[in-house]
Amino acid sequence: MVKAYLRYEAASSFGVISSVDSNITYDSTGKHVLAPALEKVGIWHVRQGVCTKTLNPSSSRGGPSLAVTSIASSASSLVAVGYADGSIRIWDCEKGTCEVNFNSHKGAVTALRYNKVGSMLASGSKDNDVILWDVVGESGLFRLRGHRDQVTDLVFLDGGKKLVSSSKDKFLRVWDLETQHCMQIVSGHHSEVWSVDADPEERFVVTGSADQELRFYAVKEYSSHGSLVSDSNANEIKTGEEHSTENKWEILKPFGEIQRQTKDRVARVRFNVSGKLLACQMAGKTVEIFRVLDESEAKKKAKRRLHRKEKKTSKVRDENLTANGEASTKIEQADTVSSPTVPDVFKLLQVIRAGRKISSFSFCPVTPKESLGTVALSLNNNSLEFYSLKSSENEKTVTIEHQGHRSDVRSVTLSEDNTLLMSTSHSEVKIWNPSTGSCLRTIDSGYGLCSLIVPQNKYGIVGTKSGVLEIIDIGSATKVEEVEAHGGTIWSITAIPNDNGFVTVSADHEVKFWDYQVKQKSGKATKQLTVSNVKSMKMNDDVLAVAISPDAKHIAVALLDSTVKVFYMDSLKFYLSLYGHKLPVMCIDISSDGELIVTGSQDKNLKIWGLDFGDCHKSIFAHGDSVMGVKFVRNTHYLFSIGKDRLVKYWDADKFELLLTLEGHHAEIWCLAVSNRGDFLVTGSHDRSMRRWDRSEEPFFLEEEKEKRLEELFESEIDNEDRHGPMEEIPEEGVAAALAGKKTIDILSAADAIIDALEVAEDEKNRHAAYEEEKTKGKVPEYLPNAVMFGLSPTDYVLRAISNVRTNDLEQTLLALPFSESLKFLCYMKDWSLIPEKVELVSRIATIILQTHHNQLVTTPSARPVLSVLRDILYSKIKACKDTIGFNLAAMDHVKQMMDSRSDAPFKDAKAKLMEIRSQQAKRMASRADTKMEKKRKKKQKKLEEGQHGHALF
């Protein structure tokens with residue numbers, strides 16, 4: 001009989017506040033910050049400091065490929081999230097649901113940007129391409145190819161008609177989105193361009209790189225007006241037809257540079273929503289905040305600068321006045337009409353210095369009354385900080401760091417009843433609820449490498465890198481005592497079964513046995529846990545791991561010389577020596593029945609030994625890197641292993657077979673803990689996350705899992721087909737427009753489903769035609785429809801299959817169909833076009849098929865009647881749709897005009913009108929206050945005069 005096993009699945013992950021691979025951003029309301037948490041996005045309420053929602057992609061593939069790499073928020077509740085596998089998901093923050101899924105990039109998404117309206121999304125990737133997406137239509141518009149290296153940032157200009165992209169190839173490119181071509185290539189940077197942004201009024205574009213200066217460019221539409229660009233530049237554009245012809249494509253014109261304060265490269269530059277502040281984040285610990293002056297202030301500053309310059313040179317001009325009078329007056333006139341320079345417009349306001357390296361930042365879209373703005377920072381130590389920007393200084397207002405460790409999770413241990421989880425890291429011990437993932441306690445400690453919760457869940461014991469045992473009171477979240485236990489690092493700690501004791505092993509070559517008891521110390525009001533060293537055993541090398549058999553009969557220790565030695569617990573006499581590993585053994589465990597011992601080593605192997613004779617039952621090449629932990633499930637011979645290859649593996653130690661591979665961690669896994677009942681396990685990793693894996697009721701069979709792993713391997717090869725194949729060449733001029741989609745497993749599956757539906761529909765048509773023919777000849781049994789078609793007609797069945805294809809994948813799916821199947825599609829479109837809701841879909845399908853198979857359709861006589869019928873039907877149907885849309889737009893415009901007529905201000909001026917009303921109200925209130933003060937002053941003066949007059953009478 002084939003044996004069945006129960007499956008373990010990822011249940012939850014916790015401990016990550018903000019990961020370093022992506023940026024943070026505020027939502028449109030300014031109340032929440034969206035922070036990347038590995039494959040998820042956490043929505044943090046700023047004032048409450050809690051994570052209110054989590055955007056978690058439900059994907060069967062899982063694993064590190066789904067790490068979040070870019071986030072962009074729109075003016076609405078929609079947020080675009082890019083992932084390391086090239087996919088983009090559009091989430092609704094209020095509902096917490098994924099609305100759209102785009103998948104066309106071949107590399108990680110590195111840049112996302114919405115246009116102002118939020119109807120269009122631009123994405124850049126490590127595949128050097130820029131793709132434009134129609135968010136409303138849920139489809140990819142086109143792909144822009146031209147950059148020779150990774151695209152780092154994007155920004156829309158000219159109301160979304162143009163796009164500026166920056167890249168690590170040291171160039172900026174300005175794209176015309178209407179004609180899908182590159183209008184301008186901006187050079188001049190000496191290193192990679194890491195970020196680009198434009199102010200809300202689109203006057204300036206700023207870029208940041210590893211150069212020592214920030215570069216500014218004036219946008220053409222504003223330079224022609226001569227507002228903030230020198231007259232000489234404006235005149236240069238206007239002089240001569242040749243210059244006009246040369247400069248008509250020049251959208252960005254160099255405006256100037258500003259020297260930065262630090263030598264670190266620029267990581268990100270962003271204007272705030274009002275455009276009055278510019279922030280420049282370095283790749284270190286600083287963010288420089290610049291104040292953007294308006295045109296009048298900049299001109300005043302420029303005049304003051306010229307006035308100071310004139311004073312400095314006045315003596316020289318006085319001496320040369322007689323000789324060069326006319327020339328000096330000309331220079332003076334030229335100086336007085338010159339426009340402001342970059343230092344006149346951008347003034348360094350302050351510098352934010354964080355305690356750790358800054359990963360990203362984001363301006364709050366809502367500006368508080370008492371400050372210039374609010375900035376959120378994500379640090380590389382898994383925390384968020386919020387700063388309020390004042391006129392002369394900045395103030396840290398909120399810090400979110402409680403829900404995660406500042407560094408790697410080095411050990412996890414569960415309490416006896418599995419209700420508490422204790423984790424250790426570089427400087428903290430945290431107590432968690434493993435069911436909900438909420439942090440209950442945080443205690444400052446040393447660098448904890450191993451830990452233990454003693455029975456009754458009141459105390460924890462932590463072994464540190466410095467050789468100190470720390471006793472933690474879980475209830476009061478305090479450190480009770482520190483015991484100098486070893487002269488070197490304590491690598492492992494384990495409890496002695498059925499006894500109030502534990503064993504520690506260290507790099508000082510010693511194995512120490514400890515007793516613990518709760519008693520009242522002198523001078524202390526309450527009882528506390530105390531530990532005492534009972535006995536010790538000296539080894540000839542560093543001891544890395546320890547395990548005790550469940551009957552407390554044997555103790556096994558792993559040494560640095562790659563051997564494992566087993567001793568009797570009571571007498572400490574030598575029992576067995578297990579040798580065979582080529583590199584040091586990092587972990588050991590003994591099964592509940594005491595029959596098997598398993599060892600994991602840096603040589604990437606698991607070895608299963610018999611504890612009776614010390615023979616090696618099996619050596620398994622288990623992981624792609626060092627094995628860091630092994631644990632048996634209690635009362636079974638099943639075991640879990642973890643490694644630096646980021647995988648958790650589930651094994652049958654009797655059959656020596658791999659049962660499951662659990663993917664999910666994004667970095668090396670350091671530790672694991674298995675519950676007493678084996679119903680779940682918890683792992684801790686270098687990515688600072690802890691993940692819980694639950695045992696489900698779903699059974700699986702070993703052979704099926706093997707076949708599934710082979711299929712996944714085959715699918716991964718298909719996914720990587722483009723990477724291994726020859727790269728598509730870009731033309732010499734470096735610009736090319738292409739389709740937005742790419743071939744994936746989902747698209748091939750959708751194409752197969754459509755072909756199957758067409759075949760079933762054709763068979764049903766033929767069967768029905770044969771039945772009608774037989775019916776005319778005589779009596780025949782009642783016609784039974786095909787059960788596979790769910791009671792639908794052949795036309796509706798094929799329509800159902802094509803409607804199941806995602807809008808974004810429709811073009812690539814139809815491209816995967818052969819010409820014969822596409823021709824069948826055209827025959828069905830006549831009936832589909834009669835359905836009003838499907839006219840748009842039919843038009844899109846017809847356009848794609850005609851563009852793809854134009855040559856074959858022209859030379860195929862059987863296609864002409866179908867195309868003639870479609871031409872007559874589709875034109876009328878599309879015209880009716882356009883008329884409906886036009887009617888609705890006209891009605892909305894009429895409603896707008898009616899509301900305008902009832903109001904004093906039109907829609908676009910409503911905000912300005914409101915501000916004007918408020919200012920008038922403020923002026924009236926100020927004048928009333930002045931009037932009151934004047935009346936009071938007159939009364940006082942009158943009383944004073946009356947008093948003086950009375951005094952004079954006497």
# chains A, B, ... in the order shown; residues from 1 in each chain; ligands from 1
>>> closest_atom_pairs(of="range 138-216 of chain A", to="range 93-101 of chain A", cutoff="12 Å", atoms="only C-alpha atoms", output="Markdown table")
| residue | atom | partner | partner_atom | distance |
| --- | --- | --- | --- | --- |
| A:Glu138 | CA | A:Val100 | CA | 6.6 |
| A:Ser139 | CA | A:Val100 | CA | 9.2 |
| A:Gly140 | CA | A:Asn101 | CA | 10.8 |
>>> residues_around(residues="Glu698 in chain A", least_positions_apart="4", cutoff="10 Å", atoms="only C-alpha atoms", output="ChimeraX atom specification")
/A:4-9
>>> select_by_dssp(residues="range 484-580 of chain A", states="strand (DSSP E)", output="ChimeraX atom specification")
/A:484,490-495,501-506,510-520,527-538,543-548,554-559,564-568,574-578
>>> residues_around(residues="His147 in chain A", least_positions_apart="6", cutoff="9 Å", atoms="only C-alpha atoms", output="list in words")
Asn128, Asp129, Val130, Ser165, Ser166, Ser167, Lys168, Asp169, Phe171, Leu172, Arg173, Gly734 and Val735 of chain A
>>> residues_around(residues="Ser803 in chain A", least_positions_apart="3", cutoff="12 Å", atoms="only C-alpha atoms", output="list of chain:residue names")
A:Ala750, A:Ala753, A:Ile754, A:Ala757, A:Asp796, A:Tyr797, A:Val798, A:Leu799, A:Arg800, A:Arg806, A:Thr807, A:Asn808, A:Asp809, A:Leu810, A:Thr813, A:Trp832, A:Glu837, A:Lys838, A:Glu840, A:Leu841, A:Val842, A:Ile845
>>> residues_around(residues="range 152-159 of chain A", least_positions_apart="6", cutoff="7 Å", atoms="only C-alpha atoms", output="list in words")
Thr110, Ala111, Leu112, Arg113, Asn115, Gly124, Ser165, Ser166, Ser167, Lys168, Trp194, Ser195, Val196, Asp197, Ala198 and Glu202 of chain A
>>> atom_distance(atom1="CA of His666 in chain A", atom2="CA of Ser438 in chain A")
21.0 Å
>>> closest_residue(among="A:Glu178, A:Glu482, A:Asp763, A:Glu297", to="Ser793 in chain A", atoms="only C-alpha atoms")
A:Asp763
>>> residues_around(residues="Asp344 in chain A", least_positions_apart="6", cutoff="6 Å", atoms="only C-alpha atoms", output="tab-separated table (two decimals) with N, CA and C atoms, in the first residue's frame")
chain	number	residue	atom	x	y	z
A	298	ALA	N	12.92	84.10	-6.34
A	298	ALA	CA	14.18	83.81	-7.01
A	298	ALA	C	14.75	85.05	-7.68
A	301	LYS	N	16.23	87.28	-5.05
A	301	LYS	CA	17.51	86.74	-4.60
A	301	LYS	C	18.59	86.99	-5.64
A	302	ALA	N	18.23	86.85	-6.93
A	302	ALA	CA	19.19	87.11	-7.99
A	302	ALA	C	19.62	88.58	-7.99
